[in-house]
Amino acid sequence: MSLLLQYTLLFSSVLLLVALGGCFSEHSGVINLGLEGIMAIGALGGALAMKYLANASPLVIIISVVLASVLSGMLYSCLLGISAIGFKADQTLIGTAMNMLATAVATVLVKSINVAENPDNVSATVQYINGRKAFIINAGKMELSWFMIMAVAALIISYIVLYKTRFGLRLMACGEHPQAANSVGIDVLKMRWAGVLISGFLGGLGGIVYITAGVSEWKFETGVAGFGFLSLAVMIFGQWKPHRIALAALLFGFFRSLSNVYSGIDFLAAMNIPSTIYNMMPYIISLIVLALTSENSRAPKAEGIPYDKGMR
């Protein structure tokens, strides 16, 4: 059961970070369907940092990996900002394109790096065995991670920023009534850029947490296995509110963790259910939950609508 709790906390941390990123973006008025791609690029930046700084001190590794992940995620999220905010393009199409592009970009980059180091190595895999150890916190029978602490910190900071600061209130105003926000002197475009960049920050961090959850290498051809979309489901189920998103992340994280540990739980192993069913479970649950709760969902009113200063 300790292993189940360990994986639940890890996967919940991923979902929480990425869903909070989507929450900031949508509160600003921009739908970020590209979270899956942002996770992949953030994971790539963090994985390369862990690979090349494997012999550095744990503190240097932690700081460098986090910085590499969040900066990679923010840089990639600029594609959404430029297209959706600058050129007022369709946000759904942009997000879809970002997801398709990210895995291809990560695969090509990793293969190029591996071939440059060893011409016989044409895989899209990055190994970070030593680097990953810097994030592990041994707690008796459980193996915790510094990433879990970062996720909790992100939750607390997100709640305070959104509901207790002028910046957060202005951000949410831009996602509800951008014309009204502009009439009182709020720069809507800047606030939307801020929301998109924050989503890149948290999405990139969520990417590196995901790929280091249980392994010491990652094959980037697989992307992040739909976790970006699952995070969107967590955000919607959590009604775009950080504290509810945290509870939804724990629920979805629990079902995702079952696929990793079901064989070690006696009553689950005795049921002889194929492992693929456990892998599908969080996505099935997300469909059921969204079908039951979508009618009462209240998204920011202006999300997905390009801002036009002349509109009323």
# chains A, B, ... in the order shown; residues from 1 in each chain; ligands from 1
$ select_by_dssp --residues "region 101-244 of chain A" --states "alpha helix (DSSP H)" --output "number ranges by chain"
A: 101-117, 129-133, 146-164, 166-176, 178-183, 188-211, 227-237, 242-244
$ closest_atom_pairs --of "region 25-128 of chain A" --to "region 142-154 of chain A" --cutoff "12 Å" --atoms "only C-alpha atoms" --output "JSON lines"
{"residue": "A:Pro58", "atom": "CA", "partner": "A:Trp146", "partner_atom": "CA", "distance": 11.2}
{"residue": "A:Leu59", "atom": "CA", "partner": "A:Trp146", "partner_atom": "CA", "distance": 11.0}
{"residue": "A:Ile61", "atom": "CA", "partner": "A:Trp146", "partner_atom": "CA", "distance": 11.8}
{"residue": "A:Ile62", "atom": "CA", "partner": "A:Trp146", "partner_atom": "CA", "distance": 8.6}
{"residue": "A:Ile63", "atom": "CA", "partner": "A:Trp146", "partner_atom": "CA", "distance": 11.1}
{"residue": "A:Val65", "atom": "CA", "partner": "A:Phe147", "partner_atom": "CA", "distance": 11.1}
{"residue": "A:Val66", "atom": "CA", "partner": "A:Phe147", "partner_atom": "CA", "distance": 9.3}
$ write_last_selection --atoms "N, CA and C atoms" --output "compact mmCIF listing (two decimals), in the first residue's frame"
# COMPACT_ATOMS: atom_id res chain seq x y z
N PRO A 58 23.69 17.64 -5.61
CA PRO A 58 22.22 17.52 -5.68
C PRO A 58 21.51 18.86 -5.82
N LEU A 59 21.98 19.88 -5.09
CA LEU A 59 21.34 21.18 -5.15
C LEU A 59 21.44 21.79 -6.55
N ILE A 61 21.83 20.12 -9.34
CA ILE A 61 20.99 19.33 -10.24
C ILE A 61 19.53 19.76 -10.13
N ILE A 62 19.04 19.89 -8.89
CA ILE A 62 17.63 20.25 -8.69
C ILE A 62 17.32 21.61 -9.30
N ILE A 63 18.16 22.60 -9.00
CA ILE A 63 17.92 23.95 -9.53
C ILE A 63 18.01 23.97 -11.05
N VAL A 65 17.72 21.47 -13.26
CA VAL A 65 16.66 20.70 -13.92
C VAL A 65 15.34 21.46 -13.91
N VAL A 66 15.01 22.03 -12.77
CA VAL A 66 13.77 22.80 -12.67
C VAL A 66 13.80 23.99 -13.63
$ residues_around --residues "Pro282 (chain A)" --least-positions-apart "6" --cutoff "9 Å" --atoms "only C-alpha atoms" --output "JSON, numbers by chain"
{"A": [230, 252, 253, 254, 255, 256]}
$ closest_residue --among "A:Met235, A:Val196, A:Ile285, A:Ala181" --to "Leu247 (chain A)" --atoms "only C-alpha atoms"
A:Met235
$ closest_residue --among "A:Tyr128, A:Tyr76, A:Phe11, A:Tyr159" --to "Gly203 (chain A)" --atoms "only C-alpha atoms"
A:Tyr76
$ closest_residue --among "A:Leu75, A:Leu93, A:Ala124, A:Ala40" --to "Val108 (chain A)" --atoms "only C-alpha atoms"
A:Ala124
$ select_by_dssp --residues "region 72-260 of chain A" --states "strand (DSSP E)" --output "ChimeraX atom specification"
/A:125-127,136-139,142-145,217-219
$ write_last_selection --atoms "N, CA and C atoms" --output "compact mmCIF listing (two decimals), in the first residue's frame"
# COMPACT_ATOMS: atom_id res chain seq x y z
N THR A 125 16.00 7.95 -26.78
CA THR A 125 15.96 7.75 -25.34
C THR A 125 17.03 8.58 -24.63
N VAL A 126 16.64 9.19 -23.52
CA VAL A 126 17.57 9.92 -22.66
C VAL A 126 17.63 9.20 -21.31
N GLN A 127 18.85 8.90 -20.86
CA GLN A 127 19.04 8.26 -19.56
C GLN A 127 19.48 9.31 -18.54
N ILE A 136 15.15 12.34 -5.03
CA ILE A 136 14.53 11.31 -4.19
C ILE A 136 14.71 11.65 -2.71
N ILE A 137 13.62 11.51 -1.97
CA ILE A 137 13.63 11.67 -0.52
C ILE A 137 13.21 10.33 0.08
N ASN A 138 14.12 9.68 0.79
CA ASN A 138 13.81 8.39 1.40
C ASN A 138 13.02 8.60 2.68
N ALA A 139 11.82 8.02 2.71
CA ALA A 139 10.95 8.16 3.88
C ALA A 139 10.50 6.77 4.32
N MET A 142 8.64 4.34 1.83
CA MET A 142 8.20 5.13 0.68
C MET A 142 9.33 5.95 0.12
N GLU A 143 9.29 6.14 -1.19
CA GLU A 143 10.27 6.97 -1.89
C GLU A 143 9.56 8.22 -2.37
N LEU A 144 9.76 9.31 -1.64
CA LEU A 144 9.13 10.56 -2.00
C LEU A 144 10.05 11.36 -2.90
N SER A 145 9.58 12.52 -3.34
CA SER A 145 10.34 13.33 -4.28
C SER A 145 10.20 14.81 -3.93
N GLU A 217 15.01 6.55 -17.37
CA GLU A 217 15.22 6.92 -18.77
C GLU A 217 13.87 7.10 -19.43
N TRP A 218 13.86 7.85 -20.52
CA TRP A 218 12.58 8.08 -21.19
C TRP A 218 12.77 8.05 -22.69
N LYS A 219 11.85 7.36 -23.36
CA LYS A 219 11.84 7.31 -24.82
C LYS A 219 10.87 8.37 -25.31
$ residues_around --residues "Lys301 (chain A)" --least-positions-apart "5" --cutoff "12 Å" --atoms "only C-alpha atoms" --output "JSON, numbers by chain"
{"A": [26, 27, 28, 29, 30, 31, 172, 173, 174, 175, 176, 177, 178]}
$ write_last_selection --atoms "N, CA and C atoms" --output "tab-separated table (two decimals), in the first residue's frame"
chain	number	residue	atom	x	y	z
A	26	GLU	N	-6.50	29.67	-18.86
A	26	GLU	CA	-7.91	29.83	-19.17
A	26	GLU	C	-8.54	30.98	-18.39
A	27	HIS	N	-8.04	31.24	-17.18
A	27	HIS	CA	-8.54	32.39	-16.43
A	27	HIS	C	-8.17	33.70	-17.13
A	28	SER	N	-7.10	33.67	-17.92
A	28	SER	CA	-6.73	34.87	-18.68
A	28	SER	C	-7.53	34.99	-19.97
A	29	GLY	N	-8.20	33.90	-20.37
A	29	GLY	CA	-9.02	33.92	-21.58
A	29	GLY	C	-8.48	33.11	-22.74
A	30	VAL	N	-7.37	32.37	-22.50
A	30	VAL	CA	-6.75	31.59	-23.57
A	30	VAL	C	-6.87	30.10	-23.24
A	31	ILE	N	-7.49	29.34	-24.12
A	31	ILE	CA	-7.57	27.89	-23.94
A	31	ILE	C	-6.24	27.27	-24.34
A	172	MET	N	-8.13	37.16	-13.86
A	172	MET	CA	-9.46	36.54	-13.97
A	172	MET	C	-10.46	37.48	-14.63
A	173	ALA	N	-10.28	38.76	-14.41
A	173	ALA	CA	-11.16	39.73	-15.07
A	173	ALA	C	-11.01	39.67	-16.59
A	174	CYS	N	-9.79	39.43	-17.04
A	174	CYS	CA	-9.53	39.35	-18.49
A	174	CYS	C	-10.15	38.10	-19.10
A	175	GLY	N	-10.36	37.07	-18.30
A	175	GLY	CA	-10.99	35.86	-18.80
A	175	GLY	C	-12.50	35.89	-18.70
A	176	GLU	N	-13.03	36.84	-17.93
A	176	GLU	CA	-14.48	36.97	-17.77
A	176	GLU	C	-15.04	38.10	-18.64
A	177	HIS	N	-14.51	39.30	-18.47
A	177	HIS	CA	-15.01	40.46	-19.21
A	177	HIS	C	-13.82	41.32	-19.65
A	178	PRO	N	-13.13	40.91	-20.72
A	178	PRO	CA	-11.93	41.63	-21.14
A	178	PRO	C	-12.18	43.09	-21.51
$ residues_around --residues "Leu251 (chain A)" --least-positions-apart "6" --cutoff "12 Å" --atoms "only C-alpha atoms" --output "list of chain:residue names"
A:Leu5, A:Thr8, A:Leu9, A:Phe11, A:Ser12, A:Ser13, A:Leu15, A:Leu16, A:Leu230, A:Ser231, A:Ala233, A:Val234, A:Phe237, A:Gly238, A:Arg244, A:Ile245, A:Ser257, A:Leu258, A:Met281, A:Pro282, A:Tyr283, A:Ile285, A:Ser286, A:Val289
$ closest_residue --among "A:Met74, A:Leu80, A:Met280, A:Met271" --to "Ala225 (chain A)" --atoms "only C-alpha atoms"
A:Met280
$ residues_around --residues "region 83-85 of chain A" --least-positions-apart "3" --cutoff "8 Å" --atoms "only C-alpha atoms" --output "list in words"
Val30, Leu79, Leu80, Lys88, Ala89, Asp90, Gln91, Ile94, Leu189, Arg192, Trp193, Pro306 and Tyr307 of chain A
$ decode --residues "region 105-144 of chain A" --atoms "N, CA and C atoms" --output "JSON list (two decimals), in the first residue's frame"
[["chain", "number", "residue", "atom", "x", "y", "z"],
["A", 105, "VAL", "N", 9.48, 17.05, -32.47],
["A", 105, "VAL", "CA", 10.67, 17.88, -32.19],
["A", 105, "VAL", "C", 11.56, 17.21, -31.16],
["A", 106, "ALA", "N", 10.95, 16.72, -30.07],
["A", 106, "ALA", "CA", 11.73, 16.06, -29.02],
["A", 106, "ALA", "C", 12.44, 14.82, -29.55],
["A", 107, "THR", "N", 11.74, 14.03, -30.36],
["A", 107, "THR", "CA", 12.32, 12.81, -30.93],
["A", 107, "THR", "C", 13.52, 13.13, -31.83],
["A", 108, "VAL", "N", 13.34, 14.10, -32.70],
["A", 108, "VAL", "CA", 14.42, 14.47, -33.63],
["A", 108, "VAL", "C", 15.63, 15.00, -32.87],
["A", 109, "LEU", "N", 15.40, 15.86, -31.89],
["A", 109, "LEU", "CA", 16.51, 16.44, -31.12],
["A", 109, "LEU", "C", 17.28, 15.37, -30.35],
["A", 110, "VAL", "N", 16.54, 14.48, -29.69],
["A", 110, "VAL", "CA", 17.21, 13.44, -28.89],
["A", 110, "VAL", "C", 17.98, 12.49, -29.80],
["A", 111, "LYS", "N", 17.40, 12.10, -30.93],
["A", 111, "LYS", "CA", 18.12, 11.22, -31.85],
["A", 111, "LYS", "C", 19.38, 11.90, -32.38],
["A", 112, "SER", "N", 19.28, 13.18, -32.68],
["A", 112, "SER", "CA", 20.45, 13.92, -33.19],
["A", 112, "SER", "C", 21.56, 13.97, -32.14],
["A", 113, "ILE", "N", 21.18, 14.20, -30.90],
["A", 113, "ILE", "CA", 22.17, 14.25, -29.81],
["A", 113, "ILE", "C", 22.82, 12.89, -29.62],
["A", 114, "ASN", "N", 21.99, 11.84, -29.62],
["A", 114, "ASN", "CA", 22.52, 10.49, -29.41],
["A", 114, "ASN", "C", 23.45, 10.06, -30.55],
["A", 115, "VAL", "N", 23.09, 10.38, -31.78],
["A", 115, "VAL", "CA", 23.92, 10.03, -32.93],
["A", 115, "VAL", "C", 25.24, 10.81, -32.89],
["A", 116, "ALA", "N", 25.18, 12.07, -32.47],
["A", 116, "ALA", "CA", 26.40, 12.88, -32.37],
["A", 116, "ALA", "C", 27.37, 12.30, -31.34],
["A", 117, "GLU", "N", 26.81, 11.72, -30.28],
["A", 117, "GLU", "CA", 27.65, 11.13, -29.23],
["A", 117, "GLU", "C", 28.09, 9.72, -29.58],
["A", 118, "ASN", "N", 27.23, 9.00, -30.28],
["A", 118, "ASN", "CA", 27.52, 7.61, -30.66],
["A", 118, "ASN", "C", 26.77, 7.30, -31.95],
["A", 119, "PRO", "N", 27.46, 7.22, -33.08],
["A", 119, "PRO", "CA", 26.80, 7.00, -34.37],
["A", 119, "PRO", "C", 25.92, 5.76, -34.44],
["A", 120, "ASP", "N", 26.17, 4.79, -33.55],
["A", 120, "ASP", "CA", 25.36, 3.57, -33.55],
["A", 120, "ASP", "C", 24.08, 3.70, -32.73],
["A", 121, "ASN", "N", 23.98, 4.78, -31.98],
["A", 121, "ASN", "CA", 22.81, 4.98, -31.12],
["A", 121, "ASN", "C", 21.80, 5.89, -31.81],
["A", 122, "VAL", "N", 20.77, 5.30, -32.39],
["A", 122, "VAL", "CA", 19.77, 6.08, -33.11],
["A", 122, "VAL", "C", 18.44, 6.11, -32.34],
["A", 123, "SER", "N", 18.49, 5.82, -31.06],
["A", 123, "SER", "CA", 17.27, 5.80, -30.25],
["A", 123, "SER", "C", 16.87, 7.22, -29.86],
["A", 124, "ALA", "N", 15.64, 7.36, -29.41],
["A", 124, "ALA", "CA", 15.14, 8.65, -28.93],
["A", 124, "ALA", "C", 15.04, 8.63, -27.41],
["A", 125, "THR", "N", 16.00, 7.95, -26.78],
["A", 125, "THR", "CA", 15.96, 7.75, -25.34],
["A", 125, "THR", "C", 17.03, 8.58, -24.63],
["A", 126, "VAL", "N", 16.64, 9.19, -23.52],
["A", 126, "VAL", "CA", 17.57, 9.92, -22.66],
["A", 126, "VAL", "C", 17.63, 9.20, -21.31],
["A", 127, "GLN", "N", 18.85, 8.90, -20.86],
["A", 127, "GLN", "CA", 19.04, 8.26, -19.56],
["A", 127, "GLN", "C", 19.48, 9.31, -18.54],
["A", 128, "TYR", "N", 18.89, 9.23, -17.34],
["A", 128, "TYR", "CA", 19.21, 10.21, -16.31],
["A", 128, "TYR", "C", 19.22, 9.54, -14.93],
["A", 129, "ILE", "N", 19.89, 8.39, -14.87],
["A", 129, "ILE", "CA", 19.88, 7.57, -13.66],
["A", 129, "ILE", "C", 20.42, 8.34, -12.46],
["A", 130, "ASN", "N", 21.62, 8.91, -12.60],
["A", 130, "ASN", "CA", 22.23, 9.61, -11.48],
["A", 130, "ASN", "C", 21.52, 10.92, -11.16],
["A", 131, "GLY", "N", 21.10, 11.62, -12.20],
["A", 131, "GLY", "CA", 20.42, 12.90, -11.98],
["A", 131, "GLY", "C", 19.11, 12.74, -11.23],
["A", 132, "ARG", "N", 18.39, 11.68, -11.50],
["A", 132, "ARG", "CA", 17.10, 11.45, -10.85],
["A", 132, "ARG", "C", 17.25, 11.24, -9.35],
["A", 133, "LYS", "N", 18.38, 10.68, -8.93],
["A", 133, "LYS", "CA", 18.60, 10.40, -7.51],
["A", 133, "LYS", "C", 18.58, 11.66, -6.66],
["A", 134, "ALA", "N", 18.93, 12.81, -7.25],
["A", 134, "ALA", "CA", 18.98, 14.06, -6.50],
["A", 134, "ALA", "C", 17.59, 14.47, -6.00],
["A", 135, "PHE", "N", 16.54, 14.00, -6.67],
["A", 135, "PHE", "CA", 15.18, 14.41, -6.31],
["A", 135, "PHE", "C", 14.50, 13.45, -5.34],
["A", 136, "ILE", "N", 15.15, 12.34, -5.03],
["A", 136, "ILE", "CA", 14.53, 11.31, -4.19],
["A", 136, "ILE", "C", 14.71, 11.65, -2.71],
["A", 137, "ILE", "N", 13.62, 11.51, -1.97],
["A", 137, "ILE", "CA", 13.63, 11.67, -0.52],
["A", 137, "ILE", "C", 13.21, 10.33, 0.08],
["A", 138, "ASN", "N", 14.12, 9.68, 0.79],
["A", 138, "ASN", "CA", 13.81, 8.39, 1.40],
["A", 138, "ASN", "C", 13.02, 8.60, 2.68],
["A", 139, "ALA", "N", 11.82, 8.02, 2.71],
["A", 139, "ALA", "CA", 10.95, 8.16, 3.88],
["A", 139, "ALA", "C", 10.50, 6.77, 4.32],
["A", 140, "GLY", "N", 11.42, 6.01, 4.87],
["A", 140, "GLY", "CA", 11.11, 4.65, 5.29],
["A", 140, "GLY", "C", 10.84, 3.75, 4.11],
["A", 141, "LYS", "N", 9.64, 3.18, 4.05],
["A", 141, "LYS", "CA", 9.28, 2.28, 2.96],
["A", 141, "LYS", "C", 8.87, 3.03, 1.69],
["A", 142, "MET", "N", 8.64, 4.34, 1.83],
["A", 142, "MET", "CA", 8.20, 5.13, 0.68],
["A", 142, "MET", "C", 9.33, 5.95, 0.12],
["A", 143, "GLU", "N", 9.29, 6.14, -1.19],
["A", 143, "GLU", "CA", 10.27, 6.97, -1.89],
["A", 143, "GLU", "C", 9.56, 8.22, -2.37],
["A", 144, "LEU", "N", 9.76, 9.31, -1.64],
["A", 144, "LEU", "CA", 9.13, 10.56, -2.00],
["A", 144, "LEU", "C", 10.05, 11.36, -2.90]]
